[in-house]
file data.cif (mmCIF, C-alpha atoms)
data_input
#
loop_
_atom_site.label_atom_id
_atom_site.label_comp_id
_atom_site.auth_asym_id
_atom_site.auth_seq_id
_atom_site.Cartn_x
_atom_site.Cartn_y
_atom_site.Cartn_z
CA MET J 1 99.22 73.65 105.43
CA LYS J 2 102.67 73.59 106.95
CA GLN J 3 102.63 75.24 110.36
CA MET J 4 105.57 77.36 109.28
CA LEU J 5 103.48 79.07 106.57
CA LYS J 6 100.59 80.01 108.82
CA PHE J 7 101.54 83.66 108.52
CA LEU J 8 100.41 83.76 104.89
CA PRO J 9 97.00 85.25 104.03
CA GLN J 10 94.21 82.67 103.99
CA THR J 11 93.68 83.03 100.23
CA ILE J 12 97.29 82.17 99.52
CA GLN J 13 97.27 79.31 102.02
CA ASP J 14 94.23 77.93 100.16
CA LEU J 15 96.03 78.18 96.81
CA LEU J 16 99.09 76.41 98.19
CA ARG J 17 96.87 73.54 99.36
CA GLN J 18 96.32 72.71 95.68
CA ILE J 19 99.95 71.72 95.20
CA ASN J 20 102.53 69.49 96.88
CA LEU J 21 104.20 71.76 99.41
CA GLU J 22 107.17 69.44 99.73
CA LYS J 23 108.18 70.57 96.25
CA VAL J 24 107.82 74.30 96.93
CA TYR J 25 111.11 76.02 97.73
CA GLU J 26 110.12 79.64 97.41
CA ILE J 27 106.99 81.80 97.23
CA ARG J 28 107.18 85.14 95.43
CA MET J 29 104.54 87.74 96.23
CA ARG J 30 104.56 90.99 94.23
CA THR J 31 101.91 93.70 94.48
CA LYS J 32 99.35 93.47 91.68
CA LYS J 33 101.39 90.76 89.96
CA PRO J 34 100.89 87.00 89.61
CA LEU J 35 101.81 84.78 92.52
CA PHE J 36 104.88 82.68 91.71
CA VAL J 37 106.27 79.61 93.42
CA ASN J 38 109.56 77.84 92.94
CA TYR J 39 108.23 74.35 92.30
CA GLU J 40 110.89 71.66 92.01
CA GLY J 41 113.44 74.30 91.07
CA GLU J 42 111.31 76.01 88.42
CA TYR J 43 109.34 79.23 88.81
CA ARG J 44 105.66 78.69 88.07
CA MET J 45 102.53 80.81 88.51
CA LEU J 46 99.89 79.67 90.93
CA GLY J 47 96.15 79.91 90.35
CA LYS J 48 92.90 78.60 91.82
CA ASN J 49 93.49 75.12 90.46
CA GLY J 50 97.18 74.81 91.13
CA LEU J 51 100.12 75.60 88.87
CA VAL J 52 99.17 77.53 85.75
CA TRP J 53 100.91 78.60 82.54
CA GLN J 54 98.70 81.52 81.58
CA GLU J 55 99.08 84.80 83.42
CA SER J 56 95.34 85.38 83.13
CA SER J 57 94.67 82.26 85.25
CA ALA J 58 97.19 83.19 87.91
CA TYR J 59 96.27 84.64 91.26
CA VAL J 60 97.12 88.33 91.51
CA VAL J 61 98.62 89.42 94.83
CA GLN J 62 97.14 92.49 96.50
CA GLY J 63 99.08 95.14 98.40
CA ASP J 64 97.25 94.54 101.67
CA GLU J 65 98.14 90.82 101.45
CA ILE J 66 101.80 91.76 101.45
CA GLU J 67 101.23 94.11 104.37
CA ASP J 68 99.31 91.43 106.28
CA THR J 69 102.00 88.85 105.61
CA ILE J 70 104.70 91.05 107.11
CA TYR J 71 102.44 91.90 110.05
CA ARG J 72 101.68 88.27 110.83
CA ALA J 73 105.19 86.98 110.14
CA GLY J 74 106.52 89.64 112.49
CA ASP J 75 104.31 88.46 115.35
CA TYR J 76 101.86 91.32 114.74
CA SER J 77 104.53 93.82 115.72
CA VAL J 78 106.48 95.30 112.85
CA TYR J 79 108.23 97.67 115.27
CA SER J 80 109.77 94.70 117.12
CA ILE J 81 111.54 93.35 114.01
CA GLU J 82 112.81 96.58 112.49
CA ASP J 83 116.45 95.60 113.07
CA GLN J 84 115.86 92.82 110.57
CA ILE J 85 113.68 94.87 108.24
CA ARG J 86 116.36 97.52 107.79
CA GLN J 87 118.61 94.75 106.45
CA GLY J 88 115.93 93.83 103.93
CA PHE J 89 114.56 90.65 105.43
CA LEU J 90 112.71 89.18 108.35
CA THR J 91 112.76 85.71 109.85
CA THR J 92 109.65 84.18 111.35
CA GLU J 93 109.59 82.29 114.64
CA GLU J 94 109.58 79.09 112.58
CA GLY J 95 112.80 80.03 110.80
CA VAL J 96 111.26 81.02 107.47
CA ARG J 97 113.23 83.83 105.89
CA ILE J 98 111.35 86.52 104.00
CA GLY J 99 113.23 88.92 101.74
CA LEU J 100 111.67 92.36 101.25
CA ALA J 101 111.66 94.79 98.36
CA GLY J 102 110.32 98.26 98.87
CA ARG J 103 111.28 101.82 99.72
CA PHE J 104 114.40 102.05 101.88
CA ILE J 105 114.43 104.94 104.33
CA PHE J 106 117.83 106.28 105.31
CA GLU J 107 118.82 108.40 108.28
CA LYS J 108 122.33 109.75 108.82
CA GLY J 109 123.60 107.60 105.98
CA ALA J 110 122.33 104.32 107.42
CA ALA J 111 119.26 102.33 106.47
CA LEU J 112 116.49 103.03 108.99
CA THR J 113 113.72 100.84 107.64
CA VAL J 114 111.92 99.59 104.54
CA ARG J 115 108.45 100.99 103.91
CA ASP J 116 105.83 100.45 101.22
CA VAL J 117 106.98 96.88 100.67
CA THR J 118 106.01 95.73 97.18
CA SER J 119 107.58 92.26 96.98
CA LEU J 120 108.24 89.33 99.26
CA CYS J 121 110.54 86.39 98.62
CA ILE J 122 109.54 83.64 101.05
CA ARG J 123 112.00 80.78 101.32
CA VAL J 124 110.41 77.55 102.42
CA PRO J 125 112.88 75.41 104.40
CA HIS J 126 113.10 71.69 103.69
CA ASP J 127 114.83 68.72 105.17
CA VAL J 128 117.83 67.87 103.03
CA LYS J 129 118.66 64.37 104.14
CA GLY J 130 122.14 62.95 103.78
CA VAL J 131 124.21 66.02 102.86
CA GLY J 132 124.89 66.94 106.47
CA GLU J 133 125.96 63.39 107.25
CA ARG J 134 128.37 63.26 104.29
CA ILE J 135 129.95 66.57 105.15
CA PHE J 136 130.24 65.56 108.80
CA ARG J 137 132.18 62.45 107.75
CA LEU J 138 134.31 64.57 105.43
CA MET J 139 135.21 67.08 108.12
CA THR J 140 136.07 64.45 110.73
CA GLU J 141 138.16 62.20 108.50
CA GLY J 142 141.55 61.54 110.02
CA GLY J 143 140.21 62.07 113.51
CA GLY J 144 140.47 65.85 113.61
CA PHE J 145 138.14 68.59 112.48
CA LEU J 146 138.52 70.20 109.08
CA SER J 147 137.18 73.58 108.01
CA VAL J 148 134.65 73.23 105.20
CA LEU J 149 133.02 75.70 102.83
CA LEU J 150 129.71 74.78 101.21
CA MET J 151 129.15 76.52 97.91
CA SER J 152 126.03 76.73 95.77
CA LEU J 153 123.52 79.02 94.18
CA PRO J 154 120.80 80.35 96.53
CA GLY J 155 118.09 77.92 97.55
CA ARG J 156 120.06 74.70 97.11
CA GLY J 157 119.95 73.59 100.74
CA LYS J 158 123.11 75.10 102.23
CA THR J 159 121.46 76.43 105.37
CA THR J 160 119.62 73.19 106.05
CA ALA J 161 122.84 71.21 105.59
CA LEU J 162 124.73 73.53 107.96
CA ARG J 163 121.98 73.15 110.54
CA GLU J 164 122.24 69.37 110.29
CA ILE J 165 126.05 69.45 110.57
CA ALA J 166 125.85 71.59 113.74
CA ARG J 167 123.37 69.14 115.22
CA LEU J 168 125.52 66.11 114.31
CA ILE J 169 128.65 67.64 115.85
CA CYS J 170 126.78 68.26 119.10
CA GLU J 171 125.21 64.81 119.02
CA ARG J 172 128.37 62.80 118.27
CA THR J 173 131.13 64.79 119.90
CA SER J 174 131.53 66.96 122.96
CA LYS J 175 132.90 69.89 120.96
CA ASN J 176 131.63 73.40 121.62
CA VAL J 177 129.77 74.61 118.56
CA LEU J 178 129.09 78.29 118.01
CA ILE J 179 126.41 79.19 115.48
CA CYS J 180 126.90 82.71 114.13
CA ASP J 181 123.45 83.34 112.74
CA GLU J 182 123.31 86.74 111.10
CA ARG J 183 119.76 86.33 109.83
CA GLY J 184 118.10 84.26 112.53
CA GLU J 185 117.58 81.40 110.09
CA LEU J 186 120.41 78.99 110.85
CA SER J 187 119.66 78.48 114.52
CA PHE J 188 116.01 77.63 114.02
CA GLY J 189 114.82 74.51 115.82
CA GLU J 190 116.80 72.19 118.08
CA THR J 191 120.41 73.35 118.04
CA GLY J 192 122.14 70.60 120.05
CA ARG J 193 123.37 70.13 123.58
CA SER J 194 126.78 71.80 123.22
CA CYS J 195 125.73 74.63 120.96
CA ASP J 196 125.88 78.40 121.56
CA VAL J 197 124.07 80.81 119.29
CA LEU J 198 124.82 84.43 118.38
CA THR J 199 121.98 85.90 116.36
CA TYR J 200 121.69 89.05 114.24
CA ALA J 201 125.34 90.02 114.75
CA ASP J 202 127.52 90.57 111.69
CA LYS J 203 130.26 87.97 111.16
CA LYS J 204 133.08 90.26 112.30
CA THR J 205 131.39 90.98 115.64
CA ALA J 206 130.12 87.44 116.13
CA PHE J 207 133.53 85.85 115.42
CA GLU J 208 135.38 88.31 117.64
CA VAL J 209 132.97 88.09 120.55
CA GLY J 210 132.47 84.36 120.14
CA ILE J 211 136.16 83.40 120.05
CA ARG J 212 137.01 85.71 122.92
CA THR J 213 134.19 84.75 125.25
CA LEU J 214 132.72 81.40 124.27
CA ARG J 215 135.83 79.41 123.28
CA PRO J 216 134.25 77.48 120.42
CA ASP J 217 135.85 74.44 118.82
CA VAL J 218 133.71 74.80 115.73
CA ILE J 219 132.00 77.87 114.28
CA VAL J 220 129.09 77.30 111.92
CA THR J 221 127.95 80.24 109.85
CA ASP J 222 125.91 81.03 106.78
CA GLU J 223 126.40 83.14 103.64
CA LEU J 224 129.96 84.40 103.82
CA ALA J 225 130.66 87.61 101.98
CA GLU J 226 134.02 88.98 100.86
CA GLU J 227 134.28 91.28 103.86
CA ASP J 228 133.96 88.26 106.18
CA ILE J 229 137.13 86.54 104.94
CA ILE J 230 139.39 88.31 107.46
CA ALA J 231 137.23 87.17 110.38
CA VAL J 232 137.20 83.59 109.07
CA ARG J 233 140.97 83.60 108.52
CA ARG J 234 141.55 84.82 112.08
CA ALA J 235 139.31 82.07 113.45
CA ILE J 236 141.05 79.33 111.46
CA PHE J 237 144.49 80.65 112.43
CA ALA J 238 143.33 80.64 116.04
CA GLY J 239 142.66 76.92 115.71
CA VAL J 240 138.89 77.11 115.41
CA CYS J 241 137.28 74.91 112.80
CA VAL J 242 134.90 76.90 110.55
CA ILE J 243 132.00 75.37 108.67
CA ALA J 244 130.47 77.98 106.40
CA SER J 245 128.46 78.49 103.25
CA ALA J 246 128.69 80.97 100.39
CA HIS J 247 126.65 81.87 97.34
CA ILE J 248 129.03 80.56 94.73
CA GLY J 249 127.91 78.61 91.70
CA GLU J 250 131.28 77.77 90.10
CA GLU J 251 134.47 76.30 91.50
CA GLU J 252 136.55 78.98 89.73
CA SER J 253 134.84 81.74 91.70
CA GLY J 254 135.35 79.84 94.93
CA ARG J 255 139.03 79.26 94.21
CA GLU J 256 139.52 82.92 93.29
CA ARG J 257 137.80 84.22 96.39
CA TYR J 258 138.82 81.78 99.11
CA GLY J 259 142.10 80.30 97.85
CA ASP J 260 143.39 77.74 100.33
CA LEU J 261 141.59 79.18 103.37
CA PHE J 262 139.43 76.11 103.97
CA ASP J 263 140.48 72.46 104.19
CA ARG J 264 137.60 71.24 102.07
CA TYR J 265 135.25 72.83 99.54
CA VAL J 266 131.90 71.27 98.76
CA LEU J 267 130.04 72.39 95.65
CA LEU J 268 126.32 71.62 95.67
CA ASP J 269 124.47 70.74 92.50
CA ARG J 270 122.99 73.77 90.74
CA ASN J 271 119.98 71.85 89.50
CA LYS J 272 119.05 69.70 92.45
CA VAL J 273 118.43 70.65 96.05
CA GLY J 274 120.73 69.04 98.61
CA GLU J 275 122.93 67.09 96.16
CA ILE J 276 126.71 67.26 96.30
CA GLN J 277 128.27 67.86 92.89
CA LYS J 278 131.99 68.01 93.70
CA ILE J 279 134.34 67.99 96.68
CA PHE J 280 137.77 69.64 96.65
CA ASP J 281 140.63 69.64 99.10
CA GLY J 282 142.40 72.80 100.29
CA ALA J 283 144.48 72.92 97.12
CA TRP J 284 141.34 72.63 94.98
CA THR J 285 142.06 69.13 93.82
CA GLU J 286 138.87 67.20 93.36
CA ILE J 287 138.34 64.39 95.83
CA LYS J 288 136.52 61.40 94.44
CA CYS J 289 134.21 59.71 96.89
CA MET C 290 57.31 104.41 161.16
CA LEU C 291 55.92 102.57 158.14
CA LYS C 292 55.66 105.87 156.25
CA LEU C 293 59.30 106.62 157.01
CA LEU C 294 60.38 103.21 155.76
CA LEU C 295 58.25 103.62 152.64
CA GLY C 296 59.75 107.06 152.05
CA LEU C 297 63.28 105.71 152.37
CA ALA C 298 62.45 102.84 150.01
CA ILE C 299 61.12 105.29 147.40
CA ILE C 300 64.22 107.47 147.64
CA ALA C 301 66.45 104.37 147.43
CA PHE C 302 64.52 103.22 144.37
CA PHE C 303 64.97 106.53 142.56
CA THR C 304 68.64 106.64 143.56
CA PHE C 305 69.09 103.18 142.07
CA LEU C 306 67.41 104.39 138.87
CA VAL C 307 69.84 107.30 138.76
CA TYR C 308 72.76 104.92 139.28
CA PHE C 309 71.45 102.77 136.45
CA PHE C 310 70.97 105.67 134.02
CA THR C 311 74.40 107.15 134.69
CA LYS C 312 76.22 103.85 134.42
CA LYS C 313 77.25 104.38 130.83
CA TYR C 314 79.05 107.61 131.72
CA ARG C 315 81.02 105.86 134.44
CA ARG C 316 81.87 102.96 132.14
CA ARG C 317 83.00 105.41 129.46
CA LYS C 318 85.14 107.27 131.98
CA ASN C 319 86.81 104.05 133.20
CA PHE C 320 87.27 102.84 129.64
CA PHE C 321 89.09 105.94 128.44
CA CYS C 322 91.12 106.11 131.62
CA GLN C 323 92.42 102.57 130.96
CA PHE C 324 92.80 103.25 127.24
CA SER C 325 94.90 106.32 127.90
CA GLN C 326 97.14 104.33 130.23
CA PHE C 327 97.47 101.61 127.59
CA ASN C 328 98.54 104.16 124.97
CA GLU C 329 101.20 105.62 127.29
CA ARG C 330 102.58 102.15 127.89
CA PHE C 331 102.55 101.31 124.22
CA LEU C 332 104.47 104.48 123.36
CA ALA C 333 107.12 103.48 125.90
CA GLU C 334 107.12 99.97 124.44
CA VAL C 335 107.83 101.04 120.86
CA SER C 336 110.51 103.43 122.07
CA TYR C 337 112.43 101.05 124.31
CA THR C 338 111.67 97.40 124.97
CA LYS C 339 109.90 96.67 121.66
CA ARG C 340 108.35 93.41 122.78
CA PRO C 341 106.02 91.73 120.28
CA LEU C 342 102.40 92.75 120.64
CA PRO C 343 101.07 89.44 122.06
CA LYS C 344 103.58 89.70 124.90
CA PHE C 345 102.87 93.37 125.50
CA LEU C 346 99.10 92.82 125.54
CA THR C 347 99.39 90.30 128.33
CA ALA C 348 102.08 92.12 130.28
CA TYR C 349 99.78 94.47 132.20
CA ALA C 350 96.46 94.02 133.96
CA TYR C 351 93.49 96.11 132.88
CA LYS C 352 89.92 96.30 134.15
CA GLY C 353 86.35 96.21 132.92
CA GLU C 354 85.39 96.68 129.30
CA PHE C 355 88.90 97.68 128.25
CA GLU C 356 90.27 94.39 129.52
CA SER C 357 87.55 92.60 127.55
CA LEU C 358 88.43 94.64 124.45
CA LEU C 359 92.10 93.68 124.72
CA ARG C 360 91.14 90.04 125.13
CA THR C 361 89.05 90.18 121.94
CA PHE C 362 91.85 91.90 120.08
CA TYR C 363 94.40 89.36 121.29
CA GLN C 364 92.13 86.53 120.13
CA SER C 365 91.69 88.18 116.73
CA LEU C 366 95.49 88.27 116.39
CA THR C 367 96.13 84.71 117.33
CA GLU C 368 93.17 83.02 115.70
CA GLU C 369 93.87 80.70 112.79
CA SER C 370 91.96 82.57 110.10
CA ALA C 371 93.82 85.11 108.03
CA GLY C 372 93.85 88.87 108.32
CA GLY C 373 93.80 89.15 112.09
CA ARG C 374 93.00 92.82 112.20
CA ARG C 375 90.19 92.53 109.68
CA THR C 376 88.22 90.21 111.90
CA PHE C 377 88.50 92.60 114.82
CA PHE C 378 85.61 94.95 115.49
CA LEU C 379 83.56 95.96 118.47
CA GLU C 380 80.42 93.90 118.56
CA GLY C 381 77.24 93.60 120.54
CA ASN C 382 75.95 95.55 123.51
CA GLU C 383 79.15 95.30 125.46
CA PHE C 384 80.38 98.61 124.07
CA SER C 385 77.01 100.36 123.82
CA PHE C 386 78.27 102.95 126.29
CA LEU C 387 80.50 104.33 123.51
CA THR C 388 79.22 106.63 120.79
CA LYS C 389 79.53 105.55 117.15
CA GLU C 390 82.36 108.01 116.66
CA GLN C 391 84.20 106.65 119.66
CA ILE C 392 83.78 103.07 118.40
CA ASN C 393 85.34 104.10 115.08
CA PHE C 394 88.19 105.75 116.92
CA VAL C 395 88.87 102.62 118.98
CA ARG C 396 88.70 100.40 115.89
CA ASP C 397 91.12 102.60 113.93
CA TYR C 398 93.47 102.62 116.88
CA PHE C 399 93.65 98.85 117.16
CA GLN C 400 93.88 98.37 113.43
CA ALA C 401 97.04 100.47 113.38
CA LEU C 402 98.59 98.80 116.40
CA GLY C 403 101.82 96.99 115.51
CA ARG C 404 101.48 97.77 111.82
CA GLY C 405 104.53 99.97 111.36
CA ASP C 406 108.12 100.49 112.40
CA SER C 407 108.81 102.22 115.69
CA ASN C 408 109.13 105.70 114.16
CA ALA C 409 105.80 105.41 112.36
CA GLN C 410 104.12 103.95 115.43
CA LYS C 411 105.52 106.65 117.70
CA GLY C 412 104.32 109.31 115.30
CA TYR C 413 100.83 107.90 114.98
CA PHE C 414 100.20 106.93 118.58
CA GLY C 415 101.87 110.09 119.81
CA SER C 416 99.30 112.11 117.88
CA VAL C 417 96.51 109.90 119.20
CA LYS C 418 97.66 110.69 122.74
CA SER C 419 96.11 114.18 122.69
CA GLN C 420 92.86 112.82 121.23
CA LEU C 421 92.73 110.22 123.96
CA ALA C 422 93.45 112.82 126.62
CA ALA C 423 90.54 114.90 125.31
CA LEU C 424 88.22 111.87 125.28
CA LYS C 425 89.29 110.95 128.79
CA GLU C 426 88.74 114.48 130.06
CA LYS C 427 85.33 114.74 128.43
CA SER C 428 84.26 111.37 129.80
CA GLU C 429 85.31 112.43 133.29
CA ILE C 430 83.41 115.70 133.01
CA ASP C 431 80.33 113.90 131.65
CA ALA C 432 80.46 111.28 134.38
CA LYS C 433 80.64 113.97 137.04
CA LYS C 434 78.13 116.30 135.41
CA TYR C 435 75.46 113.73 134.57
CA GLY C 436 76.13 111.75 137.72
CA ASP C 437 75.51 114.79 139.92
CA LEU C 438 72.61 116.03 137.84
CA TYR C 439 70.78 112.73 137.76
CA LEU C 440 71.44 112.17 141.44
CA LYS C 441 69.79 115.46 142.30
CA LEU C 442 66.91 114.76 139.94
CA GLY C 443 66.53 111.28 141.41
CA LEU C 444 66.40 112.63 144.94
CA LEU C 445 63.90 115.29 143.91
CA ALA C 446 61.75 112.70 142.12
CA GLY C 447 61.96 110.46 145.19
CA LEU C 448 60.91 113.30 147.48
CA ALA C 449 58.11 114.30 145.12
CA ALA C 450 56.84 110.73 144.99
CA LEU C 451 57.09 110.54 148.76
CA ILE C 452 55.00 113.69 149.21
CA LEU C 453 52.41 112.45 146.73
CA ILE C 454 52.10 109.05 148.31
CA VAL C 455 52.24 110.18 151.89
#
call {"tool": "encode", "arguments": {"input": "data.cif", "output": "structure tokens"}}
result
Amino acid sequence: MKQMLKFLPQTIQDLLRQINLEKVYEIRMRTKKPLFVNYEGEYRMLGKNGLVWQESSAYVVQGDEIEDTIYRAGDYSVYSIEDQIRQGFLTTEEGVRIGLAGRFIFEKGAALTVRDVTSLCIRVPHDVKGVGERIFRLMTEGGGFLSVLLMSLPGRGKTTALREIARLICERTSKNVLICDERGELSFGETGRSCDVLTYADKKTAFEVGIRTLRPDVIVTDELAEEDIIAVRRAIFAGVCVIASAHIGEEESGRERYGDLFDRYVLLDRNKVGEIQKIFDGAWTEIKC
Amino acid sequence: MLKLLLGLAIIAFFTFLVYFFTKKYRRRKNFFCQFSQFNERFLAEVSYTKRPLPKFLTAYAYKGEFESLLRTFYQSLTEESAGGRRTFFLEGNEFSFLTKEQINFVRDYFQALGRGDSNAQKGYFGSVKSQLAALKEKSEIDAKKYGDLYLKLGLLAGLAALILIV
């Protein structure tokens, strides 16, 4: 069993031993419902003897298993991770992100916490070899640093690629890299010798604070949303190179939302993890390479 | 001279017996005193610093059986097998100085530790505070009451034995 999944209940760890974990990208636990895994990009039910087709053969997740998973993933201290929980997720020490579905509790108009969690979406990180290297070459062509946006559907290896790019920049240049890690997932592991990390701050705060106080040459950040565009634009106009990712499956949506903000746009394959489908320049002209 | 020495030995023997028989009340008193302190610290922890439980458990020094209990609980959290809390229970003679009811109380307490957000934890462990205070007070009264009573009885028994023998 991968060390990073040690927080799962023993029964589920045992079930996962029946299959090749290298091909598992996501684990879905829902109270009193079959256990699902994203296996090679396809959602399949998991039973005693591995992947199953029939619901009757699938393992049914119990409520206390979900509770135990959160407890163990949160270092046995749910109270210590409530800042994450109120945003609907938690990240384990090993960088595994767990999305939560349950009852949101609000106080004074703001989310206070999530209780009675009924579903977990556990994303299993993988090494995506090669993508980071290609994008690094793309962003350093011509000797300078270009701002790049990685686009794909969720779970196609954007975060892993960003992590690798940050590491390569630190390894091969002496540039100051700032990782703005809103969910505590991007900065997992070795971050590089010239890397600074801001965790759990929203993009607006992280970009403002980071540019003002840490003087980054490159900012690496994950999952841009529409409200983050202003912060990114300010950073780019200030001469900071931004390497970011966004949940975008089509080039049209990317063009509509980001226009010519970035120097390069990289669209990852929607069917394969960690494969580049297309690369565009700032004017959205496809670059053949 | 020999009679005096024998008399002193008999009284010392009965005093030792008294000490032995009242030990459980003293252990109980010390246990709940430490437990109460732990709960106060935990309430402060969930309100302010919010360190993860494994760090909090090792942040302060405790004594006697309570220290041993925390060690067992910490091990149950960090052991490889699943369901940390479910493998935690008070075993063996080590906690025989507690009543069955008290053992259940302690088990429930530790099973709830770290299981909720800070509001839920503050609510639960805040309400436990008064129960713990009552248990601590009772254990102190018992330790004093039975300690004094048995000491007097032990001395009387020693004197009686001395008179009979001498």
call {"tool": "residues_near_point", "arguments": {"input": "data.cif", "point": "(59.4, 111.2, 152.6)", "cutoff": "7 Å", "atoms": "only C-alpha atoms", "output": "NGL selection string"}}
result
:C and (293 or 296-297 or 448 or 451-452)
call {"tool": "resolve_selection", "arguments": {"input": "data.cif", "expression": "the PyMOL selection byres ((chain J) within 7 of (chain C))", "output": "number ranges by chain"}}
result
J: 9-10, 68, 71, 75-80, 82
call {"tool": "residues_around", "arguments": {"input": "data.cif", "residues": "J:Tyr59", "least_positions_apart": "2", "cutoff": "10 Å", "atoms": "only C-alpha atoms", "output": "MDAnalysis selection string"}}
result
chainID J and resid 11:12 15 32:36 45:50 52 55:57 61:62
call {"tool": "resolve_selection", "arguments": {"input": "data.cif", "expression": "the PyMOL selection byres ((chain J and resi 94) around 12)", "output": "list in words"}}
result
Lys2, Gln3, Met4, Leu5, Lys6, Phe7, Ala73, Gly74, Asp75, Leu90, Thr91, Thr92, Glu93, Gly95, Val96, Arg97, Ile98, Arg123, Val124, Pro125, Gly184, Glu185, Leu186, Ser187, Phe188, Gly189 and Glu190 of chain J
call {"tool": "atom_distance", "arguments": {"input": "data.cif", "atom1": "atom CA of J:Val209", "atom2": "atom CA of J:Cys180"}}
result
10.3 Å
call {"tool": "residues_around", "arguments": {"input": "data.cif", "residues": "stretch 102-104 of chain J", "least_positions_apart": "2", "cutoff": "6 Å", "atoms": "all atoms listed in the file", "output": "list in words"}}
result
Thr113, Val114, Arg115, Asp116, Val117 and Thr118 of chain J
